[in-house]
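Asks: Take this structure, written in structure tokens, and hold onto it; I'll ask about it next.
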There are 2 protein chains.
Amino acid sequence: MFRFPSVLLSRRLHRRELSSSTTSHPPSLPLSHPIYLIWGSNTGVGKTLVSAGIAAAFLLSSPTPSQFHYLKPLQTGFPSDSDSRFVFNKLRQLSLIRNPHIPLSASHRVINLSPAVTASNPLAGEEGVGPPPELLCKTLYAWEEAVSPHLAAEREGLVVKDSVVLETLGECLEDVAECGAGKERSEVLCVVETAGGVASPGPSGSLQCDLYRPFRIPAVLVGDGRLGGISGTISAYESLKLRGYDVVAVVFEDHGLLNEGPLMSYMRNKVPVLVLPPIPKDPLNDLMEWFESSHYIFSNLKEIMLSAYFERIKKLHDMPREARDIIWWPFTQHKLVPDGGVTVIDSRCGENFSIFKVQKTEVIAPQFDACASWWTQGPDAIMQTELAREMGYAAARFGHVMFPENVHEPALNCAELLLQGVGKGWASRTYFSDNGSTAIEIALKMAFRKFSVDHGLIVHCHEDTTNERSTELMVLALQRSYHGDTLGAMEAQAPSSYTGFLQQPWYTGRGLFLDPPSVFMHNSTWNVSIPEGYHLESLKGKSITFASPDEIFHKGRDKSELATVYSSYISKVLSGFRGSNNVGALIMEPVIQGAGGMHMVDPLFQRVLVNECRSRKIPVIFDEVFTGFWRLGVETAVELIHCVPDIACFGKLLTGGIIPLAVTLATNAVFDSFIGDSKLKALLHGHSYSAHAMGCAAAVKSIQWFKDPCSNPNITSEGRLLREV
Amino acid sequence: MFRFPSVLLSRRLHRRELSSSTTSHPPSLPLSHPIYLIWGSNTGVGKTLVSAGIAAAFLLSSPTPSQFHYLKPLQTGFPSDSDSRFVFNKLRQLSLIRNPHIPLSASHRVINLSPAVTASNPLAGEEGVGPPPELLCKTLYAWEEAVSPHLAAEREGLVVKDSVVLETLGECLEDVAECGAGKERSEVLCVVETAGGVASPGPSGSLQCDLYRPFRIPAVLVGDGRLGGISGTISAYESLKLRGYDVVAVVFEDHGLLNEGPLMSYMRNKVPVLVLPPIPKDPLNDLMEWFESSHYIFSNLKEIMLSAYFERIKKLHDMPREARDIIWWPFTQHKLVPDGGVTVIDSRCGENFSIFKVQKTEVIAPQFDACASWWTQGPDAIMQTELAREMGYAAARFGHVMFPENVHEPALNCAELLLQGVGKGWASRTYFSDNGSTAIEIALKMAFRKFSVDHGLIVHCHEDTTNERSTELMVLALQRSYHGDTLGAMEAQAPSSYTGFLQQPWYTGRGLFLDPPSVFMHNSTWNVSIPEGYHLESLKGKSITFASPDEIFHKGRDKSELATVYSSYISKVLSGFRGSNNVGALIMEPVIQGAGGMHMVDPLFQRVLVNECRSRKIPVIFDEVFTGFWRLGVETAVELIHCVPDIACFGKLLTGGIIPLAVTLATNAVFDSFIGDSKLKALLHGHSYSAHAMGCAAAVKSIQWFKDPCSNPNITSEGRLLREV
């Protein structure tokens with residue numbers, strides 16, 4: 001299976017009406033020097049003091065000339081509040097105390113001001129002293145009112161889209177890399193201080209933990225030492241982890257409540273917890289003494305930040321070699337993987353991987369996942385977070401529970417959605433398993449049983465439990481088909497280079513494999529190409545072309561002469577086949593044969609084939625593992641080929657790819673062929689003794705979202721909030 | 001596969017040193033009337049006012065006589081602070097205003113007092129007015145100092161274990177059901193008010209969200225309307241969901257900051273958000289006006305709570321029927337499922353399901369998961385929460401990413417742990433897939449390739465891609481074996497009632513199946529039972545019995561006469577077998593044959609068999625899907641049978657069962673047999689194009705925990721905190 005172009009495939013027909021711009025210009029994160037996000041578990045917990053303390057520990061006790069970048073993307077209450085000016089001022093004060101003869105070279109800039117600020121305070125802008133700056137403080141966006149950025153933005157007119165915030169921040173981070181060019185890794189440090197708590201809204205209304213997620217900058221969490229602060233700190237930490245952030249340290253002000261006990265216990269083996277001395281509450285206190293008394297803690301914190309950075313860099317560099325040494329990749333001739341050919345995926349965000357690249361500098365850069373991770377990935381960045389929350393909930397609620405004769409909410413909800421959706425109008429039963437290949441093996445067992453009952457084969461077997469086979473059942477299938485990699489699924493596909501002895505020593509190919517007419521596009525026309533063996537005389541040389549896909553999929557073609565040609569071909573091949581009485585199932589991928597080569601099969605042919613099988617009481621299986629759930633722009637290919645199966649298999653996009661789950665749907669007639677007084681008549685070897693709660697929960701969320709991307713809106717849908725508040 | 005007794009199986013050899021007592025006496029939750037937990041996103045957000053408001057809405061405007069239970073499990077700052085007394089007093093005041101002539105009948109009790117309270121205030125205890133009470137307020141445990149319960153408990157001496165808190169609360173909830181007997185469902189309402197924030201510690205140090213988890217009582221979250229409160233509310237909500245709680249409403253005090261905008265946006269389609277009028281800050285204000293002005297909101301909240309309760313009850317009753325109608329269970333003859341035979345699993349907590357039962361009253365009751373959900377479940381309640389967090393993090397960080405020529409941290413970390421653990425000393429390569437059956441099919445392909453290369457079969461094939469088979473390869477396997485349900489895995493197992501035409505129409509059994517000697521216990525002695533066909537003359541009638549398992553597993557038995565008997569038997573059978581040259585793999589479950597009947601095979605026989613195969617260059621596969629990861633009390637059965645395979649398969653407990661993942665480990669020699677210049681020589685049909693990040697992350701956590709249950713301690717390990725703070 002190669003990485004085919006996705007020309008024919010609509011990744012998602014339903015575009016989210018309000019697109020999440022976090023994926024529109026995905027930013028890169030330079031890794032040449034350490035960069036950290038400073039988060040607070042609440043507002044007023046001392047994020048800015050922590051930033052200043054880190055700056056002091058970094059700048060004022062280093063023997064080598066070093067550089068510290070302080071970035072404040074979002075500032076409200078400006079200019080009376082300015083965290084970047086605070087850091088700038090405190091550091092100059094501290095530097096005068098520590099090195100009175102060598103003043104710290106520092107700069108301070110405010111890049112974007114709301115009109116309100118500009119009007120009231122035209123001077124707010126740049127301040128600082130001459131180069132070379134060792135401390136560079138920047139505020140990216142400032143509003144006058146001391147409220148949440150989303151309110152300030154709305155009221156003052158400086159509304160900024162998430163993508164613009166990210167772009168501006170991305171440019172500042174590039175500046176950090178450029179300013180630091182030529183400096184050692186440990187000679188430059190950058191902190192980006194967020195506003196409010198981890199889930200406080202940004203200017204568009206998106207939660208900041210969602211807003212900054214595409215960078216996935218490692219985090220320092222400033223916790224809360226007050227009464228109730230244990231809870232707030234733990235919850236904030238969990239919200240960051242639930243967005244995929246790495247947290248390297250938790251630091252908080254001591255309020256004498258011993259909050260460090262429970263916090264250290266909770267964080268043990270996860271994150272170090274540091275306690276700062278109480279901060280003087282007198283507004284006239286210049287905090288110089290406090291900074292001195294907390295110097296040791298900040299030095300410690302700085303070391304933690306540097307060593308976590310070095311560890312990350314080392315890991316990113318080492319991973320390709322380590323992977324080569326111990327991983328056995330599927331579908332890979334390891335000898336042919338070139339040096340440097342192993343990609344480190346640091347994370348994914350929406351439709352992009354974030355990969356490690358060594359270019360001019362090292363970066364974590366977005367890379368479009370062009371084949372949707374083998375046609376399996378679905379969710380955008382917003383939905384990925386929704387699913388992550390759902391996975392946490394389902395795991396916490398259910399863990400693992402077995403399924404036979406049991407029921408749980410995710411399984412039942414999922415089954416209902418499937419029967420109302422992809423199985424609508426024909427399916428009545430839902431059988432869960434782990435992956436598409438297994439779902440196919442289950443489907444084959446179902447079909448063969450139905451066929452055996454309908455054709456009186458079971459009677460002869462007397463519920464036989466020996467190995468004697470009275471009948472060697474076969475499938476009717478198509479050339480270039482693909483149904484999965486386990487032996488049973490492979491036996492149902494036509495011979496190909498992938499079924500040879502080298503690939504599957506036990507493959508025999510238990511089927512009659514028809515060569516189907518295919519559809520291709522040429523000069524803006526859709527053509528049907530008919531293989532040899534079909535009697536085309538009746539068409540009298542008429543060309544088989546169509547102006548649009550609509551024409552190809554039109555049900556009216558049933559009355560065409562081509563339909564008769566197809567029908568006679570199928571009858572001829574079946575009657576000429578020695579084992580035609582033993583053809584116990586039709587199995588095919590409707591419309592598009594995916595892994596076999598991205599061939600589009602003439603839907604008329606598939607419809608005629610289904611009808612021919614139905615008239616012979618051969619059960620029909622649709623393998624929709626690849627085509628299902630909007631991959632072809634419709635929920636199920638049934639909508640395109642206008643006929644229904646008796647059994648159908650789904651996987652891949654079923655859960656948005658986030659977790660393995662597959663399902664085999666069937667009619668009640670198929671189900672009934674397993675009903676009897678003996679357990680041995682049941683579908684015993686059932687492949688999966690659970691309907692994994694997490695898988696079912698993911699499917700429920702994904703299916704709802706695929707059907708209606710607005711069903712799960714949240715604050716991160718940029719712009720949505722502003723319109724509605 | 002039946003539910004076999006687990007006599008021989010150690011669920012977990014390594015007991016957690018500090019057992020989580022939350023599972024020791026798992027409590028039941030009565031469902032006869034609605035019960036809710038009232039959580040706060042922080043301390044001081046007005047949980048008690050909300051409780052009182054709900055009580056007023058419920059008691060004082062109902063036309064029918066109704067009953068409200070207010071429970072405060074943990075109260076510090078007592079007696080000056082007493083939330084239950086506050087509710088008691090406010091409701092009496094309110095009742096006098098609304099119905100001046102019919103005073104509310106109410107009672108107030110404090111059940112357990114710390115010695116400090118008793119000393120300083122001997123009168124604190126019971127107060128109230130005559131029956132029949134309509135309002136019953138109870139404090140379960142009270143401490144004097146106004147600090148977190150874990151500190152108060154430590155300082156004042158009333159240290160209470162989690163299990164005791166749960167037991168006391170459970171008794172109070174039973175009282176609610178008893179008091180309410182004879183009343184309509186909607187005539188009784190109970191709220192249980194927590195202390196501090198959602199993750200504030202309880203008296204043992206366990207976080208309250210973990211402490212109360214076994215009940216999984218539905219939640220009302222009191223959010224925070226202050227600056228920063230959006231973030232705190234969202235994070236608290238996420239922490240509750242990450243413990244598997246259902247939240248039915250979020251309610252918070254208006255501070256004029258429009259926090260409801262972002263909160264409603266985030267909660268939309270999840271939870272209703274209600275806003276309370278600002279609470280007067282004057283301590284002399286009796287709040288009567290405030291209660292009146294917020295009456296409408298509380299009525300609304302009460303209705304939400306009642307209707308969520310009724311919806312839950314309806315769902316629990318309907319689920320069995322709905323499941324019967326649309327689910328197709330594995331391993332189930334649906335006709336034989338008795339009426340009432342479908343179990344509704346509401347959740348799981350540690351080793352218990354929480355199931356819906358209709359007894360005297362309806363309850364959610366614990367039920368021990370005696371077969372560990374088909375030998376797949378592992379984690380205890382604490383670890384389940386750890387895994388849930390990890391699942392959320394991995395999903396948020398990675399979503400779904402494909403694997404060939406890529407690497408990501410969870411996959412690499414997992415591979416390393418596997419090679420250092422279950423593969424130690426022999427394995428060098430890690431191949432990920434979705435389930436045990438698939439892992440077996442991969443193992444068979446690996447073994448057959450290695451065999452074909454070693455025996456010169458590949459040369460004849462010229463990298464053949466046609467269907468012509470030069471060699472019909474077979475496995476050497478054991479009677480009563482079981483290796484999975486996909487066709488390839490089934491072909492490798494001996495014929496049984498489960499391989500007949502009814503179960504697997506394509507089964508042929510491509511193996512030579514030996515009848516192995518088995519071990520059983522009788523009269524405190526361990527006996528080896530040898531089937532027919534073995535030449536036992538050399539043993540001269542010696543009985544084959546052992547005093548202990550240690551003797552049976554002893555490597556010294558290699559020199560016994562029995563070893564020679566086994567060796568001759570194997571040679572004889574192999575040489576007598578027509579296709580013996582085509583035996584391309586040995587596959588077996590070491591020590592215990594699980595699904596085939598829980599037989600213990602003589603480990604000496606298995607060791608001799610491995611040696612015989614090795615001398616014939618037949619690759620050896622261990623199917624450790626069932627036995628691996630401490631299921632037999634050791635990390636891998638290799639430690640018991642003292643010989644290593646060339647290939648081994650793991651699944652089930654690999655991830656603690658929480659998510660499907662399997663792995664096939666192999667030696668470098670096996671891996672090298674796939675190396676070549678052509679992609680077709682690779683293991684192409686690879687079964688899984690991803691190493692699911694969530695699966696790998698779960699495996700990493702689980703493996704570390706299995707090896708050292710203290711590696712992931714956290715505050716919920718009861719007692720741990722107190723010793724260490």
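Following the order of the structure tokens, first chain is A, next is B, and so on, with residues numbered from 1 inside each chain and ligands from 1 in the order they appear.
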Determine which residues of region 345-475 of chain A receive a DSSP assignment of strand (DSSP E), computed from the backbone, and state them as an MDAnalysis selection string.

Replies: chainID A and resid 345:349 352:358 362:368 406:407 429:433 474:475

Asks: Excluding Gly651 (chain B) and its own-chain neighbours fewer than 5 positions away, which residues fall within 12 Å of it when counting only C-alpha atoms? Please give them as a ChimeraX atom specification.

Replies: /B:375-377,418,422,431-440,483-484,623-629,631,656-665,695-696,698-699,703

Asks: Output the selection as a compact mmCIF listing (two decimals), in the first residue's frame - N, CA, C and O atoms for each residue.

Replies:
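Final output, saved to again13.txt:
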# COMPACT_ATOMS: atom_id res chain seq x y z
N TRP B 375 -9.30 -11.42 31.63
CA TRP B 375 -7.85 -11.40 31.87
C TRP B 375 -7.17 -10.19 31.23
O TRP B 375 -6.02 -10.24 30.85
N THR B 376 -7.91 -9.14 31.11
CA THR B 376 -7.38 -7.99 30.40
C THR B 376 -7.24 -6.78 31.31
O THR B 376 -6.39 -5.93 31.10
N GLN B 377 -8.07 -6.71 32.31
CA GLN B 377 -8.09 -5.56 33.21
C GLN B 377 -6.95 -5.66 34.21
O GLN B 377 -6.68 -6.73 34.74
N LEU B 418 9.68 -2.45 26.73
CA LEU B 418 9.39 -3.84 26.39
C LEU B 418 10.69 -4.64 26.23
O LEU B 418 10.79 -5.77 26.72
N VAL B 422 9.85 -7.52 29.22
CA VAL B 422 9.43 -8.86 28.76
C VAL B 422 10.33 -9.43 27.68
O VAL B 422 10.38 -10.65 27.49
N TYR B 431 7.27 -4.67 17.19
CA TYR B 431 6.30 -4.45 16.12
C TYR B 431 4.93 -4.24 16.78
O TYR B 431 4.40 -5.15 17.41
N PHE B 432 4.37 -3.05 16.60
CA PHE B 432 3.09 -2.73 17.25
C PHE B 432 1.90 -3.10 16.38
O PHE B 432 1.94 -2.96 15.15
N SER B 433 0.85 -3.58 17.02
CA SER B 433 -0.43 -3.75 16.31
C SER B 433 -1.57 -3.54 17.30
O SER B 433 -1.37 -2.97 18.37
N ASP B 434 -2.77 -4.00 16.91
CA ASP B 434 -3.97 -3.61 17.66
C ASP B 434 -4.47 -4.61 18.69
O ASP B 434 -5.11 -4.25 19.66
N ASN B 435 -4.26 -5.90 18.39
CA ASN B 435 -4.80 -6.90 19.32
C ASN B 435 -3.99 -8.19 19.23
O ASN B 435 -3.19 -8.37 18.31
N GLY B 436 -4.20 -9.05 20.19
CA GLY B 436 -3.39 -10.25 20.31
C GLY B 436 -3.44 -11.13 19.09
O GLY B 436 -2.43 -11.66 18.64
N SER B 437 -4.60 -11.27 18.51
CA SER B 437 -4.77 -12.11 17.34
C SER B 437 -3.92 -11.61 16.18
O SER B 437 -3.24 -12.38 15.49
N THR B 438 -3.94 -10.32 15.97
CA THR B 438 -3.12 -9.72 14.92
C THR B 438 -1.64 -9.89 15.22
O THR B 438 -0.84 -10.18 14.32
N ALA B 439 -1.28 -9.72 16.48
CA ALA B 439 0.12 -9.90 16.86
C ALA B 439 0.59 -11.31 16.53
O ALA B 439 1.74 -11.52 16.11
N ILE B 440 -0.32 -12.30 16.68
CA ILE B 440 0.02 -13.68 16.35
C ILE B 440 0.22 -13.84 14.84
O ILE B 440 1.15 -14.49 14.38
N HIS B 483 -4.96 -19.10 20.11
CA HIS B 483 -4.07 -17.99 19.76
C HIS B 483 -4.81 -16.79 19.18
O HIS B 483 -4.17 -15.87 18.68
N GLY B 484 -6.12 -16.82 19.22
CA GLY B 484 -6.85 -15.67 18.69
C GLY B 484 -7.90 -16.09 17.69
O GLY B 484 -8.00 -17.27 17.35
N ASP B 623 3.26 -17.26 22.71
CA ASP B 623 2.04 -16.45 22.76
C ASP B 623 1.81 -16.07 24.21
O ASP B 623 1.27 -16.85 25.00
N GLU B 624 2.27 -14.87 24.56
CA GLU B 624 2.15 -14.41 25.96
C GLU B 624 1.03 -13.38 26.10
O GLU B 624 1.02 -12.60 27.07
N VAL B 625 0.11 -13.38 25.18
CA VAL B 625 -1.00 -12.43 25.26
C VAL B 625 -1.74 -12.61 26.59
O VAL B 625 -2.10 -11.64 27.26
N PHE B 626 -1.91 -13.87 26.96
CA PHE B 626 -2.62 -14.17 28.20
C PHE B 626 -1.69 -14.16 29.42
O PHE B 626 -2.04 -13.68 30.49
N THR B 627 -0.47 -14.72 29.23
CA THR B 627 0.39 -14.94 30.40
C THR B 627 1.26 -13.75 30.77
O THR B 627 1.78 -13.68 31.88
N GLY B 628 1.45 -12.82 29.83
CA GLY B 628 2.43 -11.75 30.04
C GLY B 628 2.02 -10.74 31.09
O GLY B 628 0.86 -10.66 31.49
N PHE B 629 2.99 -9.97 31.51
CA PHE B 629 2.79 -8.85 32.43
C PHE B 629 2.15 -9.27 33.75
O PHE B 629 1.08 -8.80 34.10
N ARG B 631 0.58 -11.73 34.91
CA ARG B 631 -0.65 -12.49 35.12
C ARG B 631 -0.33 -13.77 35.86
O ARG B 631 -1.17 -14.29 36.61
N GLY B 656 -2.81 -2.40 30.61
CA GLY B 656 -3.77 -2.48 31.70
C GLY B 656 -5.16 -2.67 31.15
O GLY B 656 -6.14 -2.47 31.85
N GLY B 657 -5.24 -3.03 29.88
CA GLY B 657 -6.53 -3.32 29.25
C GLY B 657 -7.29 -2.09 28.80
O GLY B 657 -8.29 -2.19 28.10
N ILE B 658 -6.80 -0.93 29.15
CA ILE B 658 -7.62 0.27 28.97
C ILE B 658 -7.82 0.65 27.51
O ILE B 658 -8.77 1.36 27.16
N ILE B 659 -6.98 0.15 26.64
CA ILE B 659 -7.05 0.52 25.23
C ILE B 659 -6.39 -0.61 24.44
O ILE B 659 -5.44 -1.22 24.93
N PRO B 660 -6.93 -0.94 23.25
CA PRO B 660 -6.34 -2.06 22.51
C PRO B 660 -4.93 -1.74 22.01
O PRO B 660 -4.70 -0.70 21.39
N LEU B 661 -4.01 -2.60 22.32
CA LEU B 661 -2.65 -2.51 21.78
C LEU B 661 -2.04 -3.89 21.93
O LEU B 661 -2.32 -4.59 22.90
N ALA B 662 -1.27 -4.28 20.93
CA ALA B 662 -0.54 -5.54 21.03
C ALA B 662 0.84 -5.30 20.47
O ALA B 662 1.09 -4.31 19.78
N VAL B 663 1.72 -6.22 20.78
CA VAL B 663 3.09 -6.06 20.28
C VAL B 663 3.67 -7.44 19.99
O VAL B 663 3.35 -8.41 20.67
N THR B 664 4.43 -7.50 18.91
CA THR B 664 5.18 -8.71 18.59
C THR B 664 6.66 -8.36 18.72
O THR B 664 7.13 -7.45 18.05
N LEU B 665 7.33 -9.04 19.63
CA LEU B 665 8.77 -8.82 19.80
C LEU B 665 9.53 -9.89 19.02
O LEU B 665 9.07 -11.01 18.88
N GLY B 695 -2.28 4.14 23.05
CA GLY B 695 -1.99 2.77 23.45
C GLY B 695 -0.59 2.66 24.03
O GLY B 695 -0.37 2.07 25.09
N CYS B 696 0.38 3.24 23.33
CA CYS B 696 1.76 3.17 23.80
C CYS B 696 1.91 3.90 25.13
O CYS B 696 2.61 3.42 26.03
N ALA B 698 -0.38 4.34 27.37
CA ALA B 698 -1.00 3.51 28.41
C ALA B 698 -0.07 2.37 28.79
O ALA B 698 0.05 2.02 29.96
N ALA B 699 0.58 1.79 27.79
CA ALA B 699 1.48 0.68 28.07
C ALA B 699 2.65 1.15 28.93
O ALA B 699 3.02 0.47 29.90
N ILE B 703 3.13 -0.61 32.43
CA ILE B 703 4.31 -1.46 32.67
C ILE B 703 5.09 -0.95 33.87
O ILE B 703 5.50 -1.72 34.75

Asks: For Ser354 (chain A), find every residue with an atom within 12 Å (counting only C-alpha atoms), except residues of its own chain fewer than 3 positions away, and show them as number ranges by chain.

Replies: A: 23, 26-29, 213-217, 343-351, 357, 363-369; B: 397-399, 401, 406-408

Asks: Any idea what's packed within 8 Å of region 444-458 of chain B, counting only C-alpha atoms, ignoring anything in its chain fewer than 5 positions away? Could you give it as a compact mmCIF listing (two decimals) with N, CA and C atoms, in the first residue's frame?

Replies:
# COMPACT_ATOMS: atom_id res chain seq x y z
N LEU A 502 6.06 -14.41 -0.17
CA LEU A 502 6.87 -13.57 0.71
C LEU A 502 6.00 -12.78 1.69
N GLN A 503 4.84 -12.41 1.26
CA GLN A 503 4.01 -11.57 2.11
C GLN A 503 3.09 -12.36 3.01
N GLN A 504 2.48 -13.39 2.47
CA GLN A 504 1.51 -14.14 3.25
C GLN A 504 1.61 -15.61 2.84
N PRO A 505 2.47 -16.33 3.53
CA PRO A 505 2.73 -17.71 3.11
C PRO A 505 1.47 -18.58 3.06
N GLU B 463 11.69 -14.15 -4.90
CA GLU B 463 10.79 -13.06 -4.47
C GLU B 463 9.47 -13.13 -5.22
N THR B 471 5.89 -24.19 -1.13
CA THR B 471 5.92 -24.92 0.13
C THR B 471 4.67 -24.61 0.94
N LEU B 473 3.69 -24.31 4.35
CA LEU B 473 4.26 -24.27 5.69
C LEU B 473 3.21 -24.59 6.76
N GLY B 584 7.31 -24.83 10.00
CA GLY B 584 8.06 -23.57 9.92
C GLY B 584 8.03 -22.75 11.17
N ALA B 585 7.33 -23.20 12.19
CA ALA B 585 7.27 -22.41 13.43
C ALA B 585 6.72 -23.26 14.56
N LYS B 617 16.30 -25.63 13.69
CA LYS B 617 16.14 -24.29 13.09
C LYS B 617 14.67 -23.96 12.80
N ILE B 618 13.82 -24.35 13.70
CA ILE B 618 12.41 -23.95 13.61
C ILE B 618 12.20 -22.79 14.58
N PRO B 619 11.84 -21.62 14.08
CA PRO B 619 11.67 -20.47 14.98
C PRO B 619 10.57 -20.72 16.02
N VAL B 620 10.79 -20.17 17.20
CA VAL B 620 9.90 -20.41 18.34
C VAL B 620 9.10 -19.14 18.67
N ILE B 621 7.78 -19.28 18.70
CA ILE B 621 6.90 -18.17 19.08
C ILE B 621 6.26 -18.46 20.43
N ILE B 647 10.40 -15.11 18.94
CA ILE B 647 9.32 -14.16 18.69
C ILE B 647 8.33 -14.32 19.84
N ALA B 669 17.86 -11.51 14.50
CA ALA B 669 18.03 -12.52 13.45
C ALA B 669 16.72 -12.67 12.66
N VAL B 670 15.60 -12.65 13.35
CA VAL B 670 14.31 -12.72 12.65
C VAL B 670 14.12 -11.47 11.79
N PHE B 671 14.39 -10.32 12.39
CA PHE B 671 14.27 -9.04 11.68
C PHE B 671 15.13 -9.05 10.41
N SER B 673 15.93 -11.31 8.48
CA SER B 673 15.47 -12.13 7.35
C SER B 673 14.49 -11.37 6.46
N PHE B 674 14.11 -10.17 6.86
CA PHE B 674 13.24 -9.33 6.03
C PHE B 674 14.01 -8.21 5.34
N LEU B 683 8.13 -6.75 5.61
CA LEU B 683 6.86 -7.19 6.18
C LEU B 683 5.83 -6.12 5.84

Asks: Which residues come within 7 Å of region 151-157 of chain A, counting only C-alpha atoms, excluding same-chain residues fewer than 3 positions away, as a PyMOL selection string?

Replies: chain A and resi 114-116+143+145+147-148+203

Asks: Just want the 12 Å neighbourhood of Gly182 (chain B), counted on only C-alpha atoms, with same-chain residues fewer than 6 positions away dropped. Output as a ChimeraX atom specification.

Replies: /B:32-33,66-67,176,188,360-361

Asks: Output all heavy atoms for every residue in the selection just made, as a compact mmCIF listing (two decimals), in the first residue's frame.

Replies:
# COMPACT_ATOMS: atom_id res chain seq x y z
N SER B 32 -33.12 5.50 44.66
CA SER B 32 -34.56 5.70 44.84
C SER B 32 -34.95 7.16 44.75
O SER B 32 -36.08 7.49 44.38
CB SER B 32 -34.99 5.13 46.20
OG SER B 32 -34.13 5.60 47.21
N HIS B 33 -34.01 8.05 45.10
CA HIS B 33 -34.25 9.49 45.04
C HIS B 33 -33.00 10.18 44.53
O HIS B 33 -31.91 9.62 44.63
CB HIS B 33 -34.63 10.00 46.43
CG HIS B 33 -35.79 9.28 47.02
ND1 HIS B 33 -37.09 9.50 46.64
CD2 HIS B 33 -35.83 8.28 47.94
CE1 HIS B 33 -37.90 8.69 47.30
NE2 HIS B 33 -37.16 7.92 48.10
N SER B 66 -42.32 17.36 51.15
CA SER B 66 -41.10 16.80 50.60
C SER B 66 -39.99 16.83 51.64
O SER B 66 -40.14 17.41 52.72
CB SER B 66 -40.69 17.56 49.35
OG SER B 66 -40.72 18.95 49.59
N GLN B 67 -38.89 16.19 51.31
CA GLN B 67 -37.83 15.98 52.29
C GLN B 67 -36.48 16.28 51.64
O GLN B 67 -36.21 15.81 50.55
CB GLN B 67 -37.88 14.51 52.72
CG GLN B 67 -37.05 14.19 53.93
CD GLN B 67 -37.30 12.74 54.33
OE1 GLN B 67 -36.89 11.83 53.61
NE2 GLN B 67 -37.97 12.54 55.46
N VAL B 176 -31.06 8.08 53.69
CA VAL B 176 -31.87 8.88 52.78
C VAL B 176 -32.91 7.98 52.11
O VAL B 176 -34.10 8.30 52.05
CB VAL B 176 -31.00 9.58 51.71
CG1 VAL B 176 -31.87 10.24 50.65
CG2 VAL B 176 -30.06 10.59 52.36
N VAL B 188 -38.04 13.56 47.50
CA VAL B 188 -36.84 13.56 48.34
C VAL B 188 -35.66 14.00 47.48
O VAL B 188 -35.53 13.58 46.33
CB VAL B 188 -36.56 12.14 48.91
CG1 VAL B 188 -35.29 12.15 49.77
CG2 VAL B 188 -37.75 11.64 49.72
N LYS B 360 -34.42 -4.12 46.60
CA LYS B 360 -35.50 -3.48 47.34
C LYS B 360 -35.70 -2.09 46.75
O LYS B 360 -36.79 -1.68 46.41
CB LYS B 360 -35.12 -3.42 48.82
CG LYS B 360 -36.28 -3.28 49.77
CD LYS B 360 -35.80 -3.39 51.22
CE LYS B 360 -34.72 -2.38 51.54
NZ LYS B 360 -34.17 -2.50 52.90
N THR B 361 -34.58 -1.39 46.63
CA THR B 361 -34.61 -0.15 45.86
C THR B 361 -33.62 -0.33 44.70
O THR B 361 -32.86 -1.29 44.66
CB THR B 361 -34.16 1.05 46.71
OG1 THR B 361 -32.78 0.82 47.08
CG2 THR B 361 -35.00 1.21 47.94

Asks: List every residue of region 141-269 of chain B that DSSP, applied to the backbone, labels as helix (DSSP H, G or I), and write the result as a PyMOL selection string.

Replies: chain B and resi 149-156+162-179+185-187+208-211+229-241+260-267

Asks: Between CA of Arg243 (chain A) and CA of Lys47 (chain A), what distance in Å does the model show, to one decimal?

Replies: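 These two atoms are separated by 20.2 Å.
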
Asks: Using only C-alpha atoms, which residue out of B:Ser548, B:Ser615, B:Gln333, B:Ser702 lies closest to Lys679 (chain A)?

Replies: B:Gln333

Asks: Residues of region 150-214 of chain B that approach region 264-273 of chain A to 10 Å or less, counting only C-alpha atoms: could you list each one with the shortest pair of atoms and its distance in Å to one decimal, rows by chain and increasing residue number, as a tab-separated table?

Replies:
residue	atom	partner	partner_atom	distance
B:Gly205	CA	A:Ser265	CA	9.1
B:Ser206	CA	A:Tyr266	CA	9.3
B:Leu207	CA	A:Tyr266	CA	9.0
